[in-house]
$ cat protein-v8.cif   # mmCIF, C-alpha atoms
data_data
#
loop_
_atom_site.label_atom_id
_atom_site.label_comp_id
_atom_site.auth_asym_id
_atom_site.auth_seq_id
_atom_site.Cartn_x
_atom_site.Cartn_y
_atom_site.Cartn_z
CA MET A 1 -12.75 1.15 -24.41
CA LYS A 2 -9.50 0.40 -22.55
CA PHE A 3 -9.06 -2.49 -20.13
CA LEU A 4 -7.14 -2.51 -16.86
CA LEU A 5 -5.68 -5.96 -16.11
CA TYR A 6 -5.54 -7.05 -12.45
CA CYS A 7 -4.23 -10.60 -12.50
CA LEU A 8 -4.08 -13.91 -14.34
CA PHE A 9 -4.93 -17.40 -13.13
CA ALA A 10 -5.82 -20.82 -14.50
CA SER A 11 -9.23 -22.43 -14.05
CA ASP A 12 -11.33 -25.04 -15.82
CA THR A 13 -14.47 -23.08 -14.97
CA LYS A 14 -15.51 -19.44 -15.17
CA PRO A 15 -16.46 -18.20 -11.67
CA GLN A 16 -18.92 -15.62 -13.01
CA ASP A 17 -21.28 -16.01 -10.05
CA GLU A 18 -18.56 -14.85 -7.67
CA LEU A 19 -17.76 -11.61 -9.49
CA ALA A 20 -20.60 -9.69 -7.87
CA SER A 21 -18.79 -9.70 -4.52
CA ILE A 22 -15.55 -8.22 -5.88
CA PRO A 23 -14.68 -4.62 -4.86
CA VAL A 24 -15.39 -2.12 -7.64
CA LEU A 25 -12.69 0.19 -9.00
CA ASN A 26 -13.87 3.54 -10.34
CA LYS A 27 -17.49 2.26 -10.63
CA THR A 28 -16.54 -0.43 -13.15
CA SER A 29 -17.21 -4.14 -12.75
CA VAL A 30 -14.60 -6.89 -13.01
CA GLN A 31 -14.83 -9.12 -16.07
CA LEU A 32 -13.09 -12.39 -16.91
CA PHE A 33 -11.47 -13.07 -20.29
CA SER A 34 -10.15 -16.46 -21.33
CA HIS A 35 -7.75 -18.25 -23.60
CA GLN A 36 -8.13 -21.98 -23.02
CA GLU A 37 -7.79 -22.42 -19.21
CA LEU A 38 -5.97 -19.10 -18.74
CA ARG A 39 -8.18 -16.43 -17.14
CA ALA A 40 -7.63 -12.68 -17.01
CA ALA A 41 -9.46 -10.43 -14.54
CA ALA A 42 -9.91 -6.93 -15.99
CA SER A 43 -12.15 -3.85 -15.94
CA GLU A 44 -13.21 -1.43 -18.64
CA MET A 45 -11.61 1.99 -18.16
CA GLU A 46 -11.91 5.22 -20.10
CA GLU A 47 -8.79 6.48 -18.33
CA LEU A 48 -6.52 4.95 -15.70
CA PRO A 49 -7.41 6.30 -12.23
CA ASP A 50 -4.74 8.51 -10.69
CA PRO A 51 -2.35 6.24 -8.72
CA SER A 52 -1.72 9.08 -6.28
CA GLU A 53 -5.22 8.40 -4.94
CA SER A 54 -4.54 5.68 -2.38
CA SER A 55 -8.16 4.49 -2.45
CA TYR A 56 -7.72 3.33 -6.07
CA LEU A 57 -4.60 1.35 -5.21
CA ILE A 58 -6.29 -0.21 -2.18
CA THR A 59 -9.29 -1.31 -4.25
CA TYR A 60 -7.00 -2.60 -6.99
CA GLN A 61 -5.16 -4.69 -4.39
CA GLN A 62 -8.46 -5.98 -3.01
CA VAL A 63 -9.46 -7.26 -6.46
CA VAL A 64 -6.15 -9.11 -6.82
CA ASP A 65 -6.51 -10.49 -3.27
CA PHE A 66 -10.01 -11.76 -4.07
CA PHE A 67 -8.63 -14.10 -6.74
CA HIS A 68 -5.44 -14.81 -4.79
CA GLU A 69 -7.49 -16.34 -1.97
CA GLN A 70 -8.95 -18.91 -4.38
CA TYR A 71 -6.33 -19.43 -7.07
CA THR A 72 -2.64 -19.23 -7.82
CA VAL A 73 -2.40 -15.82 -9.49
CA ILE A 74 0.05 -13.79 -11.51
CA PRO A 75 -0.58 -10.30 -10.09
CA MET A 76 -0.10 -7.41 -12.50
CA ARG A 77 1.42 -4.10 -11.52
CA TYR A 78 -1.05 -1.23 -11.35
CA GLY A 79 -1.29 0.38 -14.77
CA SER A 80 -1.34 -2.70 -17.05
CA ILE A 81 -3.64 -1.20 -19.66
CA PHE A 82 -4.81 -2.62 -23.01
CA GLU A 83 -6.35 -0.42 -25.69
CA ASN A 84 -9.35 -2.71 -26.24
CA GLN A 85 -10.65 -6.22 -25.69
CA GLN A 86 -9.01 -7.49 -28.87
CA ALA A 87 -5.60 -6.33 -27.65
CA LEU A 88 -6.14 -8.11 -24.34
CA GLN A 89 -7.26 -11.34 -26.04
CA GLU A 90 -4.24 -11.23 -28.37
CA HIS A 91 -1.96 -10.77 -25.37
CA LEU A 92 -3.43 -13.86 -23.68
CA HIS A 93 -3.00 -15.84 -26.89
CA ASN A 94 0.59 -14.70 -27.50
CA ARG A 95 1.75 -15.18 -23.90
CA TYR A 96 -0.32 -18.26 -23.09
CA THR A 97 2.57 -20.73 -22.90
CA SER A 98 4.80 -18.51 -20.75
CA TYR A 99 1.96 -17.60 -18.38
CA ILE A 100 0.92 -21.24 -17.89
CA LYS A 101 4.54 -22.20 -17.22
CA LEU A 102 4.88 -19.43 -14.65
CA LEU A 103 1.63 -20.45 -12.95
CA GLU A 104 2.99 -24.00 -12.66
CA GLU A 105 6.21 -22.68 -11.08
CA ILE A 106 4.39 -20.66 -8.42
CA ASN A 107 1.49 -23.08 -7.98
CA ASN A 108 -0.08 -22.88 -4.51
CA CYS A 109 2.56 -20.36 -3.39
CA VAL A 110 2.38 -17.03 -1.59
CA GLU A 111 4.95 -14.34 -0.87
CA MET A 112 6.21 -13.44 2.60
CA GLY A 113 8.31 -10.36 3.23
CA ILE A 114 10.83 -9.43 5.89
CA ARG A 115 12.27 -5.93 6.20
CA VAL A 116 15.38 -5.41 8.28
CA LEU A 117 16.38 -1.97 9.56
CA LEU A 118 20.03 -1.71 10.56
CA SER A 119 20.98 1.45 12.39
CA ASN A 120 22.97 0.47 15.48
CA ASN A 121 25.50 -2.09 14.28
CA LEU A 122 26.73 -0.67 10.98
CA GLU A 123 30.31 -0.74 12.24
CA ALA A 124 30.09 -4.51 12.57
CA MET A 125 29.14 -4.70 8.92
CA ASP A 126 32.56 -3.32 7.94
CA VAL A 127 31.05 -0.34 6.16
CA SER A 128 33.17 2.80 6.02
CA ARG A 129 31.75 5.65 8.10
CA LYS A 130 33.66 8.44 6.44
CA MET A 131 31.24 11.01 5.05
CA PRO A 132 31.87 13.34 2.13
CA GLU A 133 32.28 16.98 3.10
CA PRO A 134 29.09 19.02 2.56
CA PRO A 135 29.38 21.68 -0.11
CA PRO A 136 28.82 25.16 1.31
CA SER A 137 26.36 26.22 -1.41
CA SER A 138 23.63 23.55 -1.55
CA GLY A 139 22.12 21.26 1.07
CA SER A 140 20.19 19.27 -1.54
CA GLU A 141 23.39 18.61 -3.48
CA TYR A 142 25.04 17.36 -0.29
CA LEU A 143 22.10 15.06 0.40
CA GLU A 144 22.38 13.59 -3.09
CA LYS A 145 26.11 13.00 -2.63
CA ARG A 146 25.30 11.31 0.65
CA ARG A 147 22.94 8.91 -1.13
CA GLN A 148 25.52 8.16 -3.83
CA PHE A 149 28.20 7.58 -1.20
CA TYR A 150 26.15 5.03 0.73
CA GLN A 151 25.05 3.31 -2.46
CA GLN A 152 28.71 2.72 -3.29
CA GLN A 153 29.36 1.43 0.20
CA ASP A 154 26.36 -0.88 -0.11
CA GLN A 155 27.75 -2.47 -3.25
CA SER A 156 31.20 -3.06 -1.77
CA SER A 157 30.41 -4.65 1.60
CA PRO A 158 30.65 -8.48 1.77
CA ALA A 159 29.49 -8.27 5.39
CA ILE A 160 26.04 -7.24 4.17
CA GLU A 161 25.77 -10.31 1.96
CA HIS A 162 26.91 -12.49 4.86
CA TYR A 163 24.20 -11.01 7.07
CA VAL A 164 21.56 -11.74 4.42
CA GLN A 165 22.79 -15.31 3.96
CA ILE A 166 22.42 -15.98 7.68
CA LEU A 167 18.85 -14.64 7.60
CA GLN A 168 18.03 -16.66 4.50
CA GLN A 169 19.32 -19.84 6.14
CA GLU A 170 16.79 -19.44 8.95
CA PHE A 171 13.91 -19.99 6.48
CA LYS A 172 15.58 -22.46 4.14
CA GLN A 173 13.30 -25.36 5.08
CA VAL A 174 10.14 -23.58 3.86
CA THR A 175 11.55 -21.47 1.00
CA VAL A 176 10.72 -22.24 -2.63
CA GLN A 177 12.39 -19.12 -4.08
CA TYR A 178 14.12 -16.15 -2.50
CA HIS A 179 15.68 -12.83 -3.36
CA HIS A 180 16.42 -9.53 -1.67
CA GLU A 181 17.45 -5.95 -2.27
CA HIS A 182 19.01 -3.41 0.05
CA ARG A 183 19.61 0.32 0.17
CA TRP A 184 20.45 3.19 2.47
CA LEU A 185 17.67 5.40 3.78
CA VAL A 186 19.07 8.89 4.03
CA HIS A 187 17.02 11.91 5.04
CA GLU A 188 17.87 15.41 6.22
CA SER A 189 16.03 14.78 9.50
CA GLN A 190 18.13 11.71 10.34
CA LYS A 191 21.27 12.06 12.42
CA SER A 192 22.62 8.84 10.92
CA PRO A 193 21.62 6.72 7.92
CA ILE A 194 19.53 3.57 8.21
CA PHE A 195 20.26 0.50 6.13
CA LEU A 196 17.18 -1.32 4.79
CA ILE A 197 17.19 -4.94 3.64
CA SER A 198 14.01 -6.18 1.95
CA CYS A 199 13.80 -9.98 1.78
CA HIS A 200 11.19 -11.75 -0.35
CA PHE A 201 10.31 -15.41 0.21
CA LEU A 202 8.13 -17.55 -2.02
CA ILE A 203 6.61 -20.35 0.08
CA TYR A 204 3.75 -22.83 -0.14
CA ARG A 205 0.46 -21.67 1.39
CA GLN A 206 0.50 -24.48 3.94
CA HIS A 207 3.84 -23.27 5.30
CA VAL A 208 2.69 -19.76 6.27
CA SER A 209 2.21 -20.67 9.93
CA THR A 210 5.63 -22.36 10.11
CA PHE A 211 7.24 -19.31 8.46
CA GLN A 212 5.63 -17.01 11.03
CA GLN A 213 6.86 -19.18 13.90
CA ILE A 214 10.43 -19.15 12.56
CA PHE A 215 10.23 -15.38 12.15
CA HIS A 216 9.08 -14.75 15.73
CA ALA A 217 11.84 -17.01 17.08
CA CYS A 218 14.37 -15.14 14.94
CA GLN A 219 12.96 -11.80 16.05
CA LYS A 220 13.45 -12.63 19.73
CA ARG A 221 17.17 -13.32 19.37
CA ASN A 222 17.93 -10.56 16.86
CA HIS A 223 18.82 -7.04 17.99
CA ASP A 224 17.90 -5.45 14.66
CA GLN A 225 14.42 -4.28 13.71
CA LEU A 226 12.66 -7.08 11.81
CA MET A 227 9.23 -6.52 10.27
CA LEU A 228 7.07 -9.28 8.79
CA SER A 229 4.47 -8.89 6.04
CA GLY A 230 2.31 -11.29 4.05
CA PRO A 231 1.06 -13.60 2.86
CA TRP A 232 0.78 -11.69 -0.42
CA PRO A 233 0.30 -12.53 -4.08
CA PRO A 234 3.81 -13.25 -5.44
CA TYR A 235 4.51 -9.80 -6.89
CA ASN A 236 8.28 -10.14 -6.61
CA PHE A 237 8.43 -13.54 -8.33
CA VAL A 238 6.48 -12.95 -11.54
#

$ encode --input "protein-v8.cif" --output "structure tokens"
Amino acid sequence: MKFLLYCLFASDTKPQDELASIPVLNKTSVQLFSHQELRAAASEMEELPDPSESSYLITYQQVVDFFHEQYTVIPMRYGSIFENQQALQEHLHNRYTSYIKLLEEINNCVEMGIRVLLSNNLEAMDVSRKMPEPPPSSGSEYLEKRRQFYQQQDQSSPAIEHYVQILQQEFKQVTVQYHHEHRWLVHESQKSPIFLISCHFLIYRQHVSTFQQIFHACQKRNHDQLMLSGPWPPYNFV
């Protein structure tokens, strides 16, 4: 029987009594496997549920959140499958040192996310607005060239990095780790492209309220669209 791994955490005890209240994925219960103090939350699976079914992903996230509320966790991406219990136990044994080190690095931390949509002030970012000419034969080919064009512009604009640095500075006092990515959102229905910046902040749990206050103050004086999410398990830092 295969095993789907949800997350890892460290604990001196086995919280077996709490497992009954965990959401069930595909009618299978959550089990805990151990190597020393390292714990792995997993479920037996004959086959991995189809990720296109949003209900499976929601339940999977709920299981991870259950442990995240009580422990520092290393969340696993959906689809971390082991062929049998022995393979899972061997994985815990082989990766024990690196997992414990990572848990120490993110101890008592959560992830906060900020998404920035830039659509009105792209000129100020010093990004070229010249568009490639559409080929007469294929609209889909033109759309792909559009994406490639903006990706090149993205990589060559120091103004974008400057913008991100200013945003990062706002949260410096509560940030443990930080990184971001950015890309153009181009769609046939859009008259003009939208630039998306996704910022990921690793912060201590006790600083969530302070982070939210800084965000709302930043949101009031910023003309761009800022969207806050979190606190989440630290998916982007493990």

$ resolve_selection --input "protein-v8.cif" --expression "the PyMOL selection byres ((chain A and resi 68) around 10)" --output "ChimeraX atom specification"
/A:7-9,62-67,69-75,108-110,232-234

$ closest_residue --input "protein-v8.cif" --among "A:Ile114, A:Pro49, A:Ser34, A:Leu5" --to "Glu83 (chain A)" --atoms "all atoms listed in the file"
A:Leu5

$ closest_residue --input "protein-v8.cif" --among "A:Arg95, A:Lys2, A:Arg205, A:Arg221" --to "Glu111 (chain A)" --atoms "all atoms listed in the file"
A:Arg205

$ resolve_selection --input "protein-v8.cif" --expression "the PyMOL selection byres ((chain A and resi 179) around 6)" --output "ChimeraX atom specification"
/A:178,180,200

$ resolve_selection --input "protein-v8.cif" --expression "the PyMOL selection byres ((chain A and resi 99) around 12)" --output "NGL selection string"
:A and (7-10 or 35-40 or 72-76 or 91-98 or 100-107 or 238)

$ residues_near_point --input "protein-v8.cif" --point "(-1.8, -2.6, -23.4)" --cutoff "10 Å" --atoms "all atoms listed in the file" --output "compact mmCIF listing (two decimals) with C-alpha atoms, keeping the file's coordinate frame"
# COMPACT_ATOMS: atom_id res chain seq x y z
CA LYS A 2 -9.50 0.40 -22.55
CA PHE A 3 -9.06 -2.49 -20.13
CA LEU A 4 -7.14 -2.51 -16.86
CA LEU A 5 -5.68 -5.96 -16.11
CA GLY A 79 -1.29 0.38 -14.77
CA SER A 80 -1.34 -2.70 -17.05
CA ILE A 81 -3.64 -1.20 -19.66
CA PHE A 82 -4.81 -2.62 -23.01
CA GLU A 83 -6.35 -0.42 -25.69
CA ASN A 84 -9.35 -2.71 -26.24
CA GLN A 85 -10.65 -6.22 -25.69
CA ALA A 87 -5.60 -6.33 -27.65
CA LEU A 88 -6.14 -8.11 -24.34
CA HIS A 91 -1.96 -10.77 -25.37

$ atom_distance --input "protein-v8.cif" --atom1 "CA of Gln173 (chain A)" --atom2 "CA of Ile214 (chain A)"
10.1 Å
